[in-house]
>>> print(open('data.cif').read())   # mmCIF, C-alpha atoms
data_upload
loop_
_atom_site.label_atom_id
_atom_site.label_comp_id
_atom_site.auth_asym_id
_atom_site.auth_seq_id
_atom_site.Cartn_x
_atom_site.Cartn_y
_atom_site.Cartn_z
CA MET G 26 -28.21 -42.37 19.21
CA SER G 27 -29.98 -45.63 18.76
CA THR G 28 -31.97 -48.10 20.74
CA GLU G 29 -28.87 -50.21 21.29
CA ASN G 30 -27.81 -47.81 24.03
CA PRO G 31 -30.79 -47.47 26.33
CA ALA G 32 -28.75 -46.34 29.34
CA LYS G 33 -27.32 -43.33 27.56
CA GLN G 34 -30.66 -42.45 26.10
CA GLY G 35 -32.18 -42.59 29.55
CA VAL G 36 -29.67 -40.12 30.95
CA LEU G 37 -30.11 -37.79 28.02
CA SER G 38 -33.86 -37.79 28.10
CA GLY G 39 -33.68 -37.23 31.84
CA TRP G 40 -31.67 -34.06 31.25
CA TRP G 41 -33.94 -33.06 28.48
CA SER G 42 -37.08 -33.27 30.58
CA ALA G 43 -35.34 -31.40 33.41
CA LEU G 44 -34.51 -28.63 30.97
CA ARG G 45 -38.01 -28.55 29.60
CA SER G 46 -40.00 -28.68 32.81
CA PRO G 47 -40.66 -25.39 34.61
CA SER G 48 -38.57 -24.70 37.67
CA SER G 49 -40.19 -25.24 40.99
CA ARG G 50 -37.26 -24.05 43.07
CA TRP G 51 -36.41 -20.66 41.57
CA SER G 52 -38.83 -17.84 41.21
CA LEU G 53 -39.49 -16.47 37.76
CA GLY G 54 -38.05 -13.11 38.83
CA MET G 55 -34.84 -14.73 40.00
CA LEU G 56 -34.54 -16.63 36.73
CA LEU G 57 -35.08 -13.46 34.76
CA VAL G 58 -32.43 -11.60 36.74
CA VAL G 59 -29.91 -14.40 36.41
CA GLY G 60 -30.72 -14.76 32.73
CA PHE G 61 -30.35 -11.05 32.18
CA VAL G 62 -27.04 -10.76 34.02
CA GLY G 63 -25.75 -13.89 32.31
CA GLY G 64 -26.82 -12.50 28.99
CA VAL G 65 -25.05 -9.23 29.61
CA ILE G 66 -21.86 -11.05 30.62
CA PHE G 67 -22.03 -13.36 27.61
CA TRP G 68 -22.82 -10.53 25.23
CA GLY G 69 -20.15 -8.29 26.71
CA GLY G 70 -17.62 -11.08 26.48
CA PHE G 71 -18.62 -11.81 22.93
CA ASN G 72 -18.27 -8.21 21.90
CA THR G 73 -15.00 -7.84 23.79
CA VAL G 74 -13.57 -10.76 21.87
CA LEU G 75 -14.97 -9.26 18.70
CA GLU G 76 -13.24 -5.98 19.48
CA LEU G 77 -9.99 -7.73 20.37
CA THR G 78 -9.98 -9.35 16.96
CA ASN G 79 -10.51 -5.93 15.43
CA THR G 80 -7.11 -4.52 16.25
CA GLU G 81 -3.99 -4.14 14.17
CA ALA G 82 -2.09 -6.18 16.77
CA PHE G 83 -4.42 -9.13 16.24
CA CYS G 84 -3.98 -9.09 12.48
CA LEU G 85 -0.22 -8.93 12.86
CA SER G 86 -0.19 -11.92 15.19
CA CYS G 87 -0.04 -14.05 12.04
CA HIS G 88 3.21 -13.74 10.19
CA GLU G 89 1.35 -14.15 6.90
CA MET G 90 -0.13 -10.73 7.54
CA GLU G 91 2.88 -9.17 9.26
CA GLN G 92 5.63 -10.20 6.86
CA ASN G 93 3.83 -9.31 3.65
CA VAL G 94 1.02 -6.80 3.63
CA TYR G 95 1.98 -4.98 6.84
CA ARG G 96 5.57 -4.35 5.72
CA GLU G 97 4.29 -2.80 2.53
CA TYR G 98 1.69 -0.75 4.33
CA ARG G 99 4.36 0.87 6.54
CA GLY G 100 5.09 4.41 5.41
CA THR G 101 2.07 4.69 3.09
CA ILE G 102 -0.36 7.56 3.52
CA HIS G 103 -2.63 5.57 5.82
CA ASP G 104 0.22 4.63 8.16
CA SER G 105 1.77 8.06 8.57
CA ASN G 106 0.67 11.40 7.22
CA ARG G 107 0.70 15.06 8.08
CA SER G 108 -2.45 14.85 10.20
CA GLY G 109 -1.39 11.77 12.15
CA VAL G 110 -4.75 10.03 11.67
CA ARG G 111 -4.19 6.39 10.81
CA ALA G 112 -6.27 3.78 9.08
CA THR G 113 -5.35 0.33 10.36
CA CYS G 114 -6.13 -3.08 8.88
CA PRO G 115 -9.67 -3.50 10.27
CA ASP G 116 -10.61 0.06 9.26
CA CYS G 117 -10.36 -0.98 5.62
CA HIS G 118 -11.08 -4.69 5.85
CA VAL G 119 -13.73 -5.21 8.53
CA PRO G 120 -17.13 -3.61 8.06
CA ARG G 121 -18.46 -1.48 10.90
CA PRO G 122 -22.21 -2.25 10.74
CA TRP G 123 -22.70 -5.15 13.12
CA ILE G 124 -24.36 -7.63 10.80
CA TYR G 125 -21.72 -7.23 8.07
CA LYS G 126 -18.99 -7.40 10.67
CA ILE G 127 -20.24 -10.78 11.90
CA GLN G 128 -20.57 -11.96 8.32
CA ARG G 129 -16.97 -10.96 7.56
CA LYS G 130 -15.73 -12.53 10.80
CA ILE G 131 -17.34 -15.83 9.92
CA GLN G 132 -15.76 -15.65 6.47
CA ALA G 133 -12.45 -14.86 8.10
CA SER G 134 -12.48 -18.11 10.07
CA ASN G 135 -11.45 -19.51 6.69
CA GLU G 136 -8.16 -17.64 7.19
CA VAL G 137 -7.48 -19.64 10.34
CA TRP G 138 -7.98 -22.83 8.35
CA HIS G 139 -5.56 -21.67 5.67
CA LYS G 140 -3.13 -20.63 8.38
CA ILE G 141 -3.12 -24.23 9.61
CA LEU G 142 -2.80 -25.52 6.07
CA GLY G 143 0.08 -23.09 5.50
CA THR G 144 -1.44 -21.90 2.23
CA ILE G 145 0.55 -18.68 2.17
CA ASP G 146 3.24 -19.28 4.78
CA THR G 147 6.14 -18.18 2.57
CA ARG G 148 6.64 -15.06 0.49
CA GLU G 149 6.61 -17.13 -2.70
CA LYS G 150 3.35 -18.85 -1.84
CA PHE G 151 1.87 -15.52 -0.86
CA GLU G 152 2.84 -13.83 -4.12
CA ALA G 153 1.46 -16.79 -6.06
CA LYS G 154 -1.92 -16.60 -4.37
CA ARG G 155 -1.97 -12.84 -4.07
CA ILE G 156 -3.90 -12.02 -7.21
CA GLU G 157 -6.73 -14.22 -5.99
CA LEU G 158 -6.84 -12.58 -2.57
CA ALA G 159 -6.70 -9.11 -4.10
CA LYS G 160 -9.56 -9.96 -6.44
CA HIS G 161 -11.70 -10.99 -3.48
CA GLU G 162 -11.05 -7.64 -1.82
CA TRP G 163 -11.71 -5.62 -4.96
CA ALA G 164 -14.95 -7.46 -5.64
CA ARG G 165 -16.03 -6.98 -2.05
CA MET G 166 -15.27 -3.27 -2.04
CA LYS G 167 -16.90 -2.75 -5.40
CA SER G 168 -20.06 -4.49 -4.26
CA THR G 169 -20.30 -2.36 -1.12
CA ASP G 170 -19.50 0.88 -2.95
CA SER G 171 -16.23 1.06 -0.97
CA ARG G 172 -18.14 1.33 2.27
CA GLU G 173 -15.03 1.10 4.45
CA CYS G 174 -13.30 3.95 2.64
CA ARG G 175 -16.41 6.04 3.03
CA ASN G 176 -16.39 5.59 6.79
CA CYS G 177 -13.58 8.13 6.75
CA HIS G 178 -13.70 9.75 3.31
CA ASN G 179 -16.92 11.31 2.15
CA PHE G 180 -17.35 12.34 -1.47
CA GLY G 181 -19.80 14.99 -0.35
CA ALA G 182 -17.24 16.48 2.02
CA PHE G 183 -14.40 16.61 -0.51
CA ASP G 184 -13.31 20.21 -0.98
CA LEU G 185 -12.34 19.77 -4.60
CA THR G 186 -10.85 23.24 -4.77
CA ARG G 187 -8.23 22.19 -2.29
CA GLN G 188 -7.31 18.99 -4.08
CA GLN G 189 -4.54 18.72 -6.62
CA ALA G 190 -5.65 19.16 -10.20
CA ARG G 191 -5.40 15.48 -11.11
CA ALA G 192 -7.63 14.47 -8.22
CA ARG G 193 -10.08 17.32 -8.80
CA ASN G 194 -10.68 16.41 -12.44
CA ARG G 195 -11.16 12.73 -11.81
CA HIS G 196 -13.29 13.13 -8.69
CA SER G 197 -15.85 15.44 -10.23
CA GLU G 198 -16.08 13.00 -13.11
CA ALA G 199 -16.31 10.00 -10.81
CA GLU G 200 -19.22 11.46 -8.89
CA GLN G 201 -21.24 11.90 -12.07
CA GLN G 202 -20.40 8.46 -13.43
CA GLY G 203 -21.12 6.73 -10.14
CA LYS G 204 -17.67 5.24 -9.79
CA THR G 205 -16.42 4.06 -6.44
CA CYS G 206 -13.10 4.61 -4.68
CA ILE G 207 -11.65 1.18 -5.37
CA ASP G 208 -12.21 1.62 -9.13
CA CYS G 209 -9.33 4.08 -9.17
CA HIS G 210 -7.44 3.56 -5.93
CA LYS G 211 -6.13 0.02 -6.13
CA GLY G 212 -2.85 -0.69 -4.41
CA ILE G 213 -3.42 2.15 -1.98
CA ALA G 214 -2.06 0.32 1.07
CA HIS G 215 -0.14 -2.64 -0.35
CA GLN G 216 1.83 -3.57 -3.41
CA LEU G 217 -0.15 -4.84 -6.34
CA PRO G 218 0.14 -8.44 -7.52
CA ALA G 219 1.55 -9.25 -10.95
CA GLY G 220 -1.21 -9.10 -13.55
CA ALA G 221 -3.23 -6.60 -11.52
CA PHE G 222 -4.22 -4.42 -14.48
CA LYS G 223 -5.45 -7.37 -16.51
CA ALA G 224 -7.47 -8.57 -13.54
CA GLU G 225 -8.87 -5.09 -13.15
CA ARG G 226 -10.16 -5.06 -16.72
CA GLU G 227 -11.71 -8.50 -16.29
CA LEU G 228 -13.40 -7.42 -13.09
CA ASN G 229 -14.82 -4.32 -14.70
CA ASP G 230 -16.06 -6.31 -17.69
CA SER G 231 -17.69 -8.90 -15.46
CA VAL G 232 -19.82 -6.33 -13.66
CA GLY G 233 -21.31 -4.97 -16.82
CA GLY G 234 -18.53 -2.75 -18.06
CA ALA G 235 -19.69 0.18 -15.96
CA VAL G 236 -16.10 1.30 -15.75
CA LYS G 237 -13.79 1.28 -18.72
CA PRO G 238 -11.23 -0.07 -19.37
CA MET F 20 70.40 -7.16 21.90
CA LYS F 21 67.58 -6.03 24.19
CA THR F 22 68.27 -2.36 23.65
CA LYS F 23 68.33 -2.96 19.90
CA ILE F 24 64.84 -4.45 19.99
CA LYS F 25 63.67 -1.61 22.18
CA ALA F 26 65.11 0.93 19.77
CA ILE F 27 63.48 -0.72 16.77
CA ALA F 28 60.17 -0.91 18.60
CA LEU F 29 60.46 2.76 19.50
CA ALA F 30 61.33 3.71 15.93
CA LEU F 31 58.40 1.68 14.61
CA ALA F 32 56.02 3.19 17.11
CA LEU F 33 57.18 6.67 16.21
CA ALA F 34 56.91 6.00 12.51
CA LEU F 35 53.45 4.53 12.86
CA GLY F 36 52.35 7.29 15.18
CA MET F 37 53.61 9.94 12.78
CA GLY F 38 51.91 8.16 9.93
CA VAL F 39 48.67 8.03 11.78
CA THR F 40 48.76 11.70 12.69
CA ALA F 41 49.78 12.62 9.17
CA LEU F 42 46.85 10.61 7.78
CA GLY F 43 44.55 12.24 10.29
CA VAL F 44 45.61 15.69 9.14
CA VAL F 45 45.07 14.78 5.51
CA ALA F 46 41.57 13.38 6.14
CA GLY F 47 40.66 16.46 8.10
CA GLU F 48 41.67 18.75 5.28
CA VAL F 49 39.91 17.07 2.38
CA LYS F 50 36.69 18.88 1.70
CA SER F 51 33.91 17.45 -0.38
CA LEU F 52 32.08 19.65 -2.84
CA ARG F 53 29.40 19.90 -0.22
CA PRO F 54 30.45 22.09 2.69
CA ASN F 55 31.39 19.28 5.10
CA ALA F 56 34.60 17.22 5.41
CA ALA F 57 34.91 14.20 3.13
CA ALA F 58 35.09 11.70 5.96
CA GLU F 59 31.89 12.93 7.59
CA ALA F 60 28.38 11.90 6.71
CA ASP F 61 26.44 14.42 4.67
CA ALA F 62 24.13 16.67 6.60
CA PRO F 63 20.53 15.66 5.89
CA PRO F 64 19.09 17.83 3.14
CA ALA F 65 16.42 20.35 3.97
CA ILE F 66 12.89 19.15 3.33
CA TYR F 67 10.97 20.69 0.44
CA LYS F 68 7.45 20.00 -0.64
CA VAL F 69 6.98 18.51 -4.09
CA MET F 70 5.52 21.14 -6.40
CA GLU F 71 2.33 19.74 -7.83
CA GLY F 72 0.30 20.96 -10.73
CA THR F 73 2.93 23.24 -12.23
CA LYS F 74 4.43 22.32 -15.57
CA HIS F 75 8.10 23.07 -15.73
CA GLU F 76 9.87 24.24 -18.82
CA ARG F 77 12.41 21.93 -20.35
CA ALA F 78 15.95 23.24 -20.12
CA TYR F 79 17.02 21.61 -23.38
CA ARG F 80 15.24 19.89 -26.23
CA GLN F 81 15.87 16.24 -25.32
CA GLN F 82 15.12 16.66 -21.65
CA PRO F 83 12.70 14.17 -20.17
CA PRO F 84 9.87 16.34 -18.83
CA LEU F 85 9.79 16.77 -15.06
CA VAL F 86 6.90 15.11 -13.28
CA PRO F 87 4.29 17.62 -12.12
CA HIS F 88 3.02 15.33 -9.35
CA THR F 89 4.35 13.17 -6.52
CA THR F 90 5.76 9.80 -7.54
CA ASP F 91 6.69 8.09 -4.29
CA LYS F 92 3.39 6.26 -3.84
CA TYR F 93 3.48 4.61 -7.27
CA GLU F 94 4.94 1.13 -7.32
CA ILE F 95 7.47 0.31 -10.04
CA ASP F 96 8.88 -3.20 -9.91
CA LEU F 97 8.88 -6.45 -11.85
CA LYS F 98 5.25 -7.12 -10.97
CA VAL F 99 3.60 -3.84 -11.91
CA ASN F 100 4.39 -0.32 -12.99
CA GLN F 101 1.68 2.02 -11.76
CA CYS F 102 2.88 4.88 -13.97
CA LEU F 103 1.70 2.86 -16.95
CA ARG F 104 -1.77 2.59 -15.40
CA CYS F 105 -2.22 6.30 -16.20
CA HIS F 106 0.26 7.14 -18.94
CA GLU F 107 0.03 4.19 -21.28
CA TRP F 108 -2.62 4.07 -23.96
CA PRO F 109 -5.57 3.44 -23.55
CA TYR F 110 -5.48 4.51 -19.91
CA SER F 111 -4.02 7.88 -20.88
CA ASP F 112 -7.27 9.00 -22.51
CA GLN F 113 -9.39 8.02 -19.58
CA GLU F 114 -7.00 9.45 -16.98
CA LYS F 115 -6.36 12.61 -19.00
CA ALA F 116 -2.65 12.03 -18.58
CA PRO F 117 -0.11 12.80 -21.32
CA LYS F 118 0.48 9.68 -23.38
CA ILE F 119 3.96 8.18 -23.22
CA SER F 120 5.72 9.22 -26.42
CA ASP F 121 6.46 6.57 -29.02
CA LEU F 122 10.19 6.77 -28.39
CA HIS F 123 9.60 4.75 -25.22
CA TYR F 124 8.53 1.77 -27.32
CA ILE F 125 11.64 1.45 -29.43
CA ASP F 126 14.04 -1.29 -28.44
CA ARG F 127 17.81 -1.09 -28.64
CA ASN F 128 17.79 -2.33 -32.25
CA GLY F 129 15.50 0.50 -33.26
CA VAL F 130 12.49 -1.78 -33.66
CA ARG F 131 9.12 -0.48 -32.49
CA GLN F 132 7.41 -2.70 -29.92
CA ASP F 133 3.95 -2.84 -28.43
CA VAL F 134 5.05 -2.55 -24.79
CA VAL F 135 7.24 0.05 -23.14
CA ASN F 136 10.75 -1.15 -23.76
CA GLY F 137 12.88 -2.46 -20.92
CA ASN F 138 15.33 0.40 -21.21
CA ARG F 139 12.55 2.85 -20.43
CA TYR F 140 10.69 0.76 -17.88
CA PHE F 141 12.05 2.48 -14.78
CA CYS F 142 10.51 5.88 -15.36
CA LYS F 143 12.11 7.60 -12.40
CA GLN F 144 15.55 7.04 -13.89
CA CYS F 145 14.74 9.94 -16.21
CA HIS F 146 11.60 11.65 -14.94
CA VAL F 147 11.91 13.25 -11.52
CA PRO F 148 9.36 15.21 -9.54
CA GLN F 149 10.24 18.86 -9.13
CA ASN F 150 10.62 20.78 -5.93
CA ASP F 151 11.84 24.26 -5.30
CA ALA F 152 15.10 23.23 -3.64
CA LYS F 153 18.42 24.99 -3.72
CA SER F 154 21.10 23.07 -5.59
CA LEU F 155 23.35 21.11 -3.23
CA VAL F 156 26.45 22.17 -5.14
CA ASP F 157 27.15 25.48 -6.83
CA ASN F 158 27.12 25.04 -10.57
CA LYS F 159 27.02 27.05 -13.75
CA PHE F 160 24.23 25.18 -15.54
CA GLN F 161 22.19 27.34 -17.85
CA ALA F 162 19.12 26.34 -19.79
CA ALA F 163 19.74 26.05 -23.52
CA THR F 164 17.07 28.60 -24.29
CA THR F 165 18.96 30.22 -27.14
CA ASN F 166 18.86 28.05 -30.22
CA THR F 167 21.39 29.43 -32.68
CA ASN F 168 20.14 27.15 -35.44
CA ILE F 169 16.71 28.72 -35.70
CA ARG F 170 16.22 30.09 -39.19
#
>>> encode(input="data.cif", output="structure tokens")
Amino acid sequence: MSTENPAKQGVLSGWWSALRSPSSRWSLGMLLVVGFVGGVIFWGGFNTVLELTNTEAFCLSCHEMEQNVYREYRGTIHDSNRSGVRATCPDCHVPRPWIYKIQRKIQASNEVWHKILGTIDTREKFEAKRIELAKHEWARMKSTDSRECRNCHNFGAFDLTRQQARARNRHSEAEQQGKTCIDCHKGIAHQLPAGAFKAERELNDSVGGAVKP
Amino acid sequence: MKTKIKAIALALALALGMGVTALGVVAGEVKSLRPNAAAEADAPPAIYKVMEGTKHERAYRQQPPLVPHTTDKYEIDLKVNQCLRCHEWPYSDQEKAPKISDLHYIDRNGVRQDVVNGNRYFCKQCHVPQNDAKSLVDNKFQAATTNTNIR
């Protein structure tokens, strides 16, 4: 906006002053009611959209997700098991606490951009970039102490006596050493990228070598 | 002329028909070692739970030990081999898993290498998880528990 365009400025400032000046036509009560109802509708709509983007079906609407990670996830313990309780994509990838959810959703708008760019639109491209994507997820889960896993699994509620020996030994150790689920359970829902073990060591070294090797 | 053709056609049809029935009889009679007919698909095997946590005796000295845990969730392909993540040194110490024996590191020329050799890369070729299933086929296998060479 500059002084070269006085007409436009005039219109704009007219609107602006209308917005700023108190209403003489509508009562305050009426305004409050309308504002409240409008707010509810907006908020409801916002949350509905948020919920819609929190479904497996939404994630699979992009073939990048459907053709690669989803195919590998099929048949794993979180897709089908003896109890029939499933963990779907958002259960592990989208935080539940509202503020973190919004944060993750804003980050995820980056995915839409890469969808348009076609960054991973073939299997080859996906495999090539996979180690980077996996590292992001590992780092995220490590920094949140595997919060999403803990929404369903609770160390405190583990009945170690009913676990298989391998799990029992490692879990009692893990609790003492303050390790988190993702330290030991990589590749739980998808295949691992090439070079995953090397990346794992680097990741552990970079956060102070709390977990060896 | 016409009757000749008809006769030949009839003879052919008969011959073919006989052949077909004869073949049918043969296929019906052939039994596979499993109880069903050879031409039929095998009946799906009964489902048994993998026995976890029990160590199984070896039936002969060179036997690859059976796996005392499930293996289906561990990826083995060109990208990664998750078995190594627990059984290869130095992971084996940390995971308290038996270390892969040194024989797995010897290549086909008998030279010792630093990585598991290609001919032992696909672990499940030799190491299978154990479940308490009946054998599909009757057999006379006996464990070589008597070693006549013991002095």
>>> interface_residues(input="data.cif", of="chain F", to="chain G", cutoff="9 Å", atoms="only C-alpha atoms", output="count of residues only")
17
>>> residues_near_point(input="data.cif", point="(-12.2, 3.9, 7.1)", cutoff="6 Å", atoms="all atoms listed in the file", output="mmCIF file with C-alpha atoms, in the frame of the given file")
data_model
loop_
_atom_site.group_PDB
_atom_site.id
_atom_site.type_symbol
_atom_site.label_atom_id
_atom_site.label_comp_id
_atom_site.auth_asym_id
_atom_site.auth_seq_id
_atom_site.Cartn_x
_atom_site.Cartn_y
_atom_site.Cartn_z
ATOM 1 C CA ASP G 116 -10.610 0.060 9.260
ATOM 2 C CA CYS G 117 -10.360 -0.980 5.620
ATOM 3 C CA GLU G 173 -15.030 1.100 4.450
ATOM 4 C CA CYS G 174 -13.300 3.950 2.640
ATOM 5 C CA ASN G 176 -16.390 5.590 6.790
ATOM 6 C CA CYS G 177 -13.580 8.130 6.750
#
>>> residues_around(input="data.cif", residues="F:Arg139", least_positions_apart="6", cutoff="10 Å", atoms="only C-alpha atoms", output="mmCIF file with C-alpha atoms, keeping the file's coordinate frame")
data_model
loop_
_atom_site.group_PDB
_atom_site.id
_atom_site.type_symbol
_atom_site.label_atom_id
_atom_site.label_comp_id
_atom_site.auth_asym_id
_atom_site.auth_seq_id
_atom_site.Cartn_x
_atom_site.Cartn_y
_atom_site.Cartn_z
ATOM 1 C CA LEU F 122 10.190 6.770 -28.390
ATOM 2 C CA HIS F 123 9.600 4.750 -25.220
ATOM 3 C CA TYR F 124 8.530 1.770 -27.320
ATOM 4 C CA ILE F 125 11.640 1.450 -29.430
ATOM 5 C CA ASP F 126 14.040 -1.290 -28.440
ATOM 6 C CA CYS F 145 14.740 9.940 -16.210
#
>>> resolve_selection(input="data.cif", expression="the PyMOL selection byres ((chain G and resi 92) around 12)", output="PyMOL selection string")
chain G and resi 84-91+93-99+145-149+151-152+215
>>> residues_near_point(input="data.cif", point="(20.7, -5.7, -26.6)", cutoff="12 Å", atoms="only C-alpha atoms", output="tab-separated table (two decimals) with C-alpha atoms, keeping the file's coordinate frame")
chain	number	residue	atom	x	y	z
F	125	ILE	CA	11.64	1.45	-29.43
F	126	ASP	CA	14.04	-1.29	-28.44
F	127	ARG	CA	17.81	-1.09	-28.64
F	128	ASN	CA	17.79	-2.33	-32.25
F	129	GLY	CA	15.50	0.50	-33.26
F	130	VAL	CA	12.49	-1.78	-33.66
F	136	ASN	CA	10.75	-1.15	-23.76
F	137	GLY	CA	12.88	-2.46	-20.92
F	138	ASN	CA	15.33	0.40	-21.21
>>> closest_residue(input="data.cif", among="F:Glu48, F:Asp91, F:Asp121, F:Asp61", to="F:Glu107", atoms="only C-alpha atoms")
F:Asp121
>>> resolve_selection(input="data.cif", expression="the PyMOL selection byres ((chain F and resi 83) around 10)", output="ChimeraX atom specification")
/F:77-82,84-86,142,144-147
>>> write_last_selection(input="data.cif", atoms="C-alpha atoms", output="PDB file, in the coordinates of the input")
ATOM      1  CA  ARG F  77      12.410  21.930 -20.350  1.00  0.00           C
ATOM      2  CA  ALA F  78      15.950  23.240 -20.120  1.00  0.00           C
ATOM      3  CA  TYR F  79      17.020  21.610 -23.380  1.00  0.00           C
ATOM      4  CA  ARG F  80      15.240  19.890 -26.230  1.00  0.00           C
ATOM      5  CA  GLN F  81      15.870  16.240 -25.320  1.00  0.00           C
ATOM      6  CA  GLN F  82      15.120  16.660 -21.650  1.00  0.00           C
ATOM      7  CA  PRO F  84       9.870  16.340 -18.830  1.00  0.00           C
ATOM      8  CA  LEU F  85       9.790  16.770 -15.060  1.00  0.00           C
ATOM      9  CA  VAL F  86       6.900  15.110 -13.280  1.00  0.00           C
ATOM     10  CA  CYS F 142      10.510   5.880 -15.360  1.00  0.00           C
ATOM     11  CA  GLN F 144      15.550   7.040 -13.890  1.00  0.00           C
ATOM     12  CA  CYS F 145      14.740   9.940 -16.210  1.00  0.00           C
ATOM     13  CA  HIS F 146      11.600  11.650 -14.940  1.00  0.00           C
ATOM     14  CA  VAL F 147      11.910  13.250 -11.520  1.00  0.00           C
TER      15      VAL F 147
END
>>> closest_residue(input="data.cif", among="G:Leu75, G:Trp68, G:Ala199, G:Asn229", to="G:Lys126", atoms="all atoms listed in the file")
G:Leu75
>>> atom_distance(input="data.cif", atom1="atom CA of F:Pro54", atom2="atom CA of F:Ser154")
12.5 Å
>>> atom_distance(input="data.cif", atom1="atom CA of G:Phe180", atom2="atom CA of G:Glu200")
7.7 Å
>>> decode(input="data.cif", residues="stretch 128-141 of chain F", atoms="N, CA, C and O atoms", output="tab-separated table (two decimals), in the first residue's frame")
chain	number	residue	atom	x	y	z
F	128	ASN	N	36.14	-70.03	0.82
F	128	ASN	CA	37.53	-70.43	0.67
F	128	ASN	C	38.18	-70.73	2.01
F	128	ASN	O	39.39	-70.90	2.10
F	129	GLY	N	37.38	-70.73	3.06
F	129	GLY	CA	37.92	-71.03	4.37
F	129	GLY	C	38.59	-69.85	5.04
F	129	GLY	O	39.27	-70.00	6.04
F	130	VAL	N	38.39	-68.66	4.49
F	130	VAL	CA	39.02	-67.47	5.07
F	130	VAL	C	38.05	-66.81	6.06
F	130	VAL	O	36.87	-66.63	5.76
F	131	ARG	N	38.56	-66.44	7.22
F	131	ARG	CA	37.74	-65.81	8.24
F	131	ARG	C	37.47	-64.34	7.89
F	131	ARG	O	38.41	-63.62	7.56
F	132	GLN	N	36.24	-63.93	7.96
F	132	GLN	CA	35.89	-62.54	7.63
F	132	GLN	C	35.38	-61.81	8.86
F	132	GLN	O	35.21	-62.43	9.92
F	133	ASP	N	35.12	-60.52	8.70
F	133	ASP	CA	34.64	-59.75	9.84
F	133	ASP	C	33.12	-59.63	9.87
F	133	ASP	O	32.54	-59.20	10.86
F	134	VAL	N	32.47	-59.97	8.77
F	134	VAL	CA	31.01	-59.93	8.74
F	134	VAL	C	30.49	-61.33	8.48
F	134	VAL	O	31.20	-62.15	7.89
F	135	VAL	N	29.26	-61.58	8.93
F	135	VAL	CA	28.65	-62.89	8.68
F	135	VAL	C	28.69	-63.15	7.18
F	135	VAL	O	28.33	-62.30	6.38
F	136	ASN	N	29.18	-64.31	6.82
F	136	ASN	CA	29.38	-64.59	5.41
F	136	ASN	C	28.04	-64.76	4.68
F	136	ASN	O	27.04	-65.17	5.28
F	137	GLY	N	28.07	-64.45	3.40
F	137	GLY	CA	26.85	-64.54	2.60
F	137	GLY	C	26.17	-65.89	2.68
F	137	GLY	O	24.94	-65.97	2.68
F	138	ASN	N	26.95	-66.96	2.77
F	138	ASN	CA	26.30	-68.27	2.78
F	138	ASN	C	25.65	-68.59	4.12
F	138	ASN	O	25.04	-69.64	4.29
F	139	ARG	N	25.79	-67.72	5.08
F	139	ARG	CA	25.07	-67.89	6.35
F	139	ARG	C	24.18	-66.68	6.66
F	139	ARG	O	23.75	-66.50	7.79
F	140	TYR	N	23.94	-65.86	5.68
F	140	TYR	CA	23.21	-64.61	5.94
F	140	TYR	C	21.74	-64.88	6.23
F	140	TYR	O	21.12	-64.23	7.07
F	141	PHE	N	21.15	-65.84	5.51
F	141	PHE	CA	19.72	-66.08	5.69
F	141	PHE	C	19.52	-67.14	6.77
F	141	PHE	O	19.38	-68.33	6.50
